[in-house]
Amino acid sequence: MTRGAGKGTQSSRIRKSFDITAISSGDVLRRNIAQQTPAGLRAKESVARGELVSDDIIVELIRAELNTISGSWLLDGFPRNIAQAQALDTMLKGT
């Protein structure tokens, strides 16, 4: 994925046009850090060390977010790699 290519802009347009919930992995991550959830605190440690947040933490946050939504949704910023895509596939097969 290319940074700054307008994915967030397109996500916003799609959300408005189709009345679906857009889930931004960055927004979910920042909110959990601010709310000091267990996963947010683990993510904050990674960020403080200048590291990328692990796939396990991101997947946990996205799974929790998806569990709160009924109806259609759109993911923005997730999955970013094959491991995350496989985790998403597993999540969706379980629903």
# chains A, B, ... in the order shown; residues from 1 in each chain; ligands from 1

$ select_by_dssp --residues "segment 1-92 of chain A" --states "alpha helix (DSSP H)" --output "MDAnalysis selection string"
chainID A and resid 7:18 25:34 38:48 55:66 82:92

$ select_by_dssp --residues "segment 6-63 of chain A" --states "strand (DSSP E)" --output "PyMOL selection string"
chain A and resi 21-24

$ closest_residue --among "A:Trp73, A:Arg63, A:Ile14, A:Thr21" --to "Thr90 of chain A" --atoms "only C-alpha atoms"
A:Arg63

$ residues_around --residues "Thr37 of chain A" --least-positions-apart "4" --cutoff "12 Å" --atoms "only C-alpha atoms" --output "list in words"
Val28, Leu29, Arg30, Arg31, Asn32, Ile33, Leu41, Arg42, Ala43, Lys44, Ile57, Glu60, Leu61 and Ala64 of chain A

$ atom_distance --atom1 "atom CA of Ala34 of chain A" --atom2 "atom CA of Ala85 of chain A"
26.0 Å

$ residues_around --residues "Gly71 of chain A" --least-positions-apart "5" --cutoff "12 Å" --atoms "only C-alpha atoms" --output "list in words"
Phe18, Asp19, Ile20, Thr21, Ala22 and Leu66 of chain A

$ write_last_selection --atoms "all heavy atoms" --output "mmCIF file, in the first residue's frame"
data_model
loop_
_atom_site.group_PDB
_atom_site.id
_atom_site.type_symbol
_atom_site.label_atom_id
_atom_site.label_comp_id
_atom_site.auth_asym_id
_atom_site.auth_seq_id
_atom_site.Cartn_x
_atom_site.Cartn_y
_atom_site.Cartn_z
ATOM 1 N N PHE A 18 -22.396 4.877 0.887
ATOM 2 C CA PHE A 18 -23.063 3.594 1.123
ATOM 3 C C PHE A 18 -23.549 3.412 2.548
ATOM 4 O O PHE A 18 -24.012 2.343 2.905
ATOM 5 C CB PHE A 18 -22.123 2.445 0.732
ATOM 6 C CG PHE A 18 -21.813 2.419 -0.733
ATOM 7 C CD1 PHE A 18 -20.649 2.988 -1.214
ATOM 8 C CD2 PHE A 18 -22.701 1.848 -1.630
ATOM 9 C CE1 PHE A 18 -20.359 2.987 -2.569
ATOM 10 C CE2 PHE A 18 -22.423 1.836 -2.989
ATOM 11 C CZ PHE A 18 -21.247 2.413 -3.462
ATOM 12 N N ASP A 19 -23.406 4.427 3.377
ATOM 13 C CA ASP A 19 -23.874 4.382 4.761
ATOM 14 C C ASP A 19 -23.368 3.140 5.493
ATOM 15 O O ASP A 19 -24.146 2.320 5.982
ATOM 16 C CB ASP A 19 -25.404 4.444 4.814
ATOM 17 C CG ASP A 19 -25.914 4.671 6.234
ATOM 18 O OD1 ASP A 19 -25.211 5.347 7.023
ATOM 19 O OD2 ASP A 19 -27.002 4.162 6.555
ATOM 20 N N ILE A 20 -22.041 2.991 5.504
ATOM 21 C CA ILE A 20 -21.408 1.881 6.210
ATOM 22 C C ILE A 20 -20.441 2.430 7.245
ATOM 23 O O ILE A 20 -20.043 3.589 7.182
ATOM 24 C CB ILE A 20 -20.684 0.911 5.254
ATOM 25 C CG1 ILE A 20 -19.573 1.626 4.497
ATOM 26 C CG2 ILE A 20 -21.654 0.279 4.293
ATOM 27 C CD1 ILE A 20 -18.762 0.709 3.606
ATOM 28 N N THR A 21 -20.063 1.605 8.169
ATOM 29 C CA THR A 21 -19.117 1.993 9.203
ATOM 30 C C THR A 21 -17.695 1.819 8.692
ATOM 31 O O THR A 21 -17.334 0.743 8.224
ATOM 32 C CB THR A 21 -19.312 1.121 10.462
ATOM 33 O OG1 THR A 21 -20.653 1.276 10.918
ATOM 34 C CG2 THR A 21 -18.350 1.511 11.562
ATOM 35 N N ALA A 22 -16.921 2.877 8.762
ATOM 36 C CA ALA A 22 -15.509 2.809 8.386
ATOM 37 C C ALA A 22 -14.687 2.621 9.651
ATOM 38 O O ALA A 22 -14.881 3.323 10.641
ATOM 39 C CB ALA A 22 -15.081 4.074 7.652
ATOM 40 N N LEU A 66 -14.603 -4.946 15.376
ATOM 41 C CA LEU A 66 -15.597 -5.621 14.527
ATOM 42 C C LEU A 66 -16.710 -6.253 15.350
ATOM 43 O O LEU A 66 -17.863 -6.307 14.905
ATOM 44 C CB LEU A 66 -14.919 -6.674 13.652
ATOM 45 C CG LEU A 66 -14.047 -6.143 12.520
ATOM 46 C CD1 LEU A 66 -13.334 -7.287 11.806
ATOM 47 C CD2 LEU A 66 -14.851 -5.311 11.546
#

$ decode --residues "segment 7-28 of chain A" --atoms "C-alpha atoms" --output "PDB file, in the first residue's frame"
ATOM      1  CA  LYS A   7      -7.011   5.641   0.843  1.00  0.00           C
ATOM      2  CA  GLY A   8      -8.500   7.527   3.787  1.00  0.00           C
ATOM      3  CA  THR A   9     -10.187   9.982   1.438  1.00  0.00           C
ATOM      4  CA  GLN A  10     -11.704   7.152  -0.571  1.00  0.00           C
ATOM      5  CA  SER A  11     -12.783   5.408   2.623  1.00  0.00           C
ATOM      6  CA  SER A  12     -14.621   8.535   3.715  1.00  0.00           C
ATOM      7  CA  ARG A  13     -16.369   8.871   0.371  1.00  0.00           C
ATOM      8  CA  ILE A  14     -17.414   5.220   0.331  1.00  0.00           C
ATOM      9  CA  ARG A  15     -18.674   5.448   3.911  1.00  0.00           C
ATOM     10  CA  LYS A  16     -20.872   8.424   3.049  1.00  0.00           C
ATOM     11  CA  SER A  17     -22.128   7.003  -0.237  1.00  0.00           C
ATOM     12  CA  PHE A  18     -23.063   3.594   1.123  1.00  0.00           C
ATOM     13  CA  ASP A  19     -23.874   4.382   4.761  1.00  0.00           C
ATOM     14  CA  ILE A  20     -21.408   1.881   6.210  1.00  0.00           C
ATOM     15  CA  THR A  21     -19.117   1.993   9.203  1.00  0.00           C
ATOM     16  CA  ALA A  22     -15.509   2.809   8.386  1.00  0.00           C
ATOM     17  CA  ILE A  23     -12.915   1.373  10.744  1.00  0.00           C
ATOM     18  CA  SER A  24      -9.538   3.087  10.631  1.00  0.00           C
ATOM     19  CA  SER A  25      -6.847   0.965  12.249  1.00  0.00           C
ATOM     20  CA  GLY A  26      -4.942   4.127  13.176  1.00  0.00           C
ATOM     21  CA  ASP A  27      -7.988   5.658  14.866  1.00  0.00           C
ATOM     22  CA  VAL A  28      -8.701   2.408  16.715  1.00  0.00           C
TER      23      VAL A  28
END
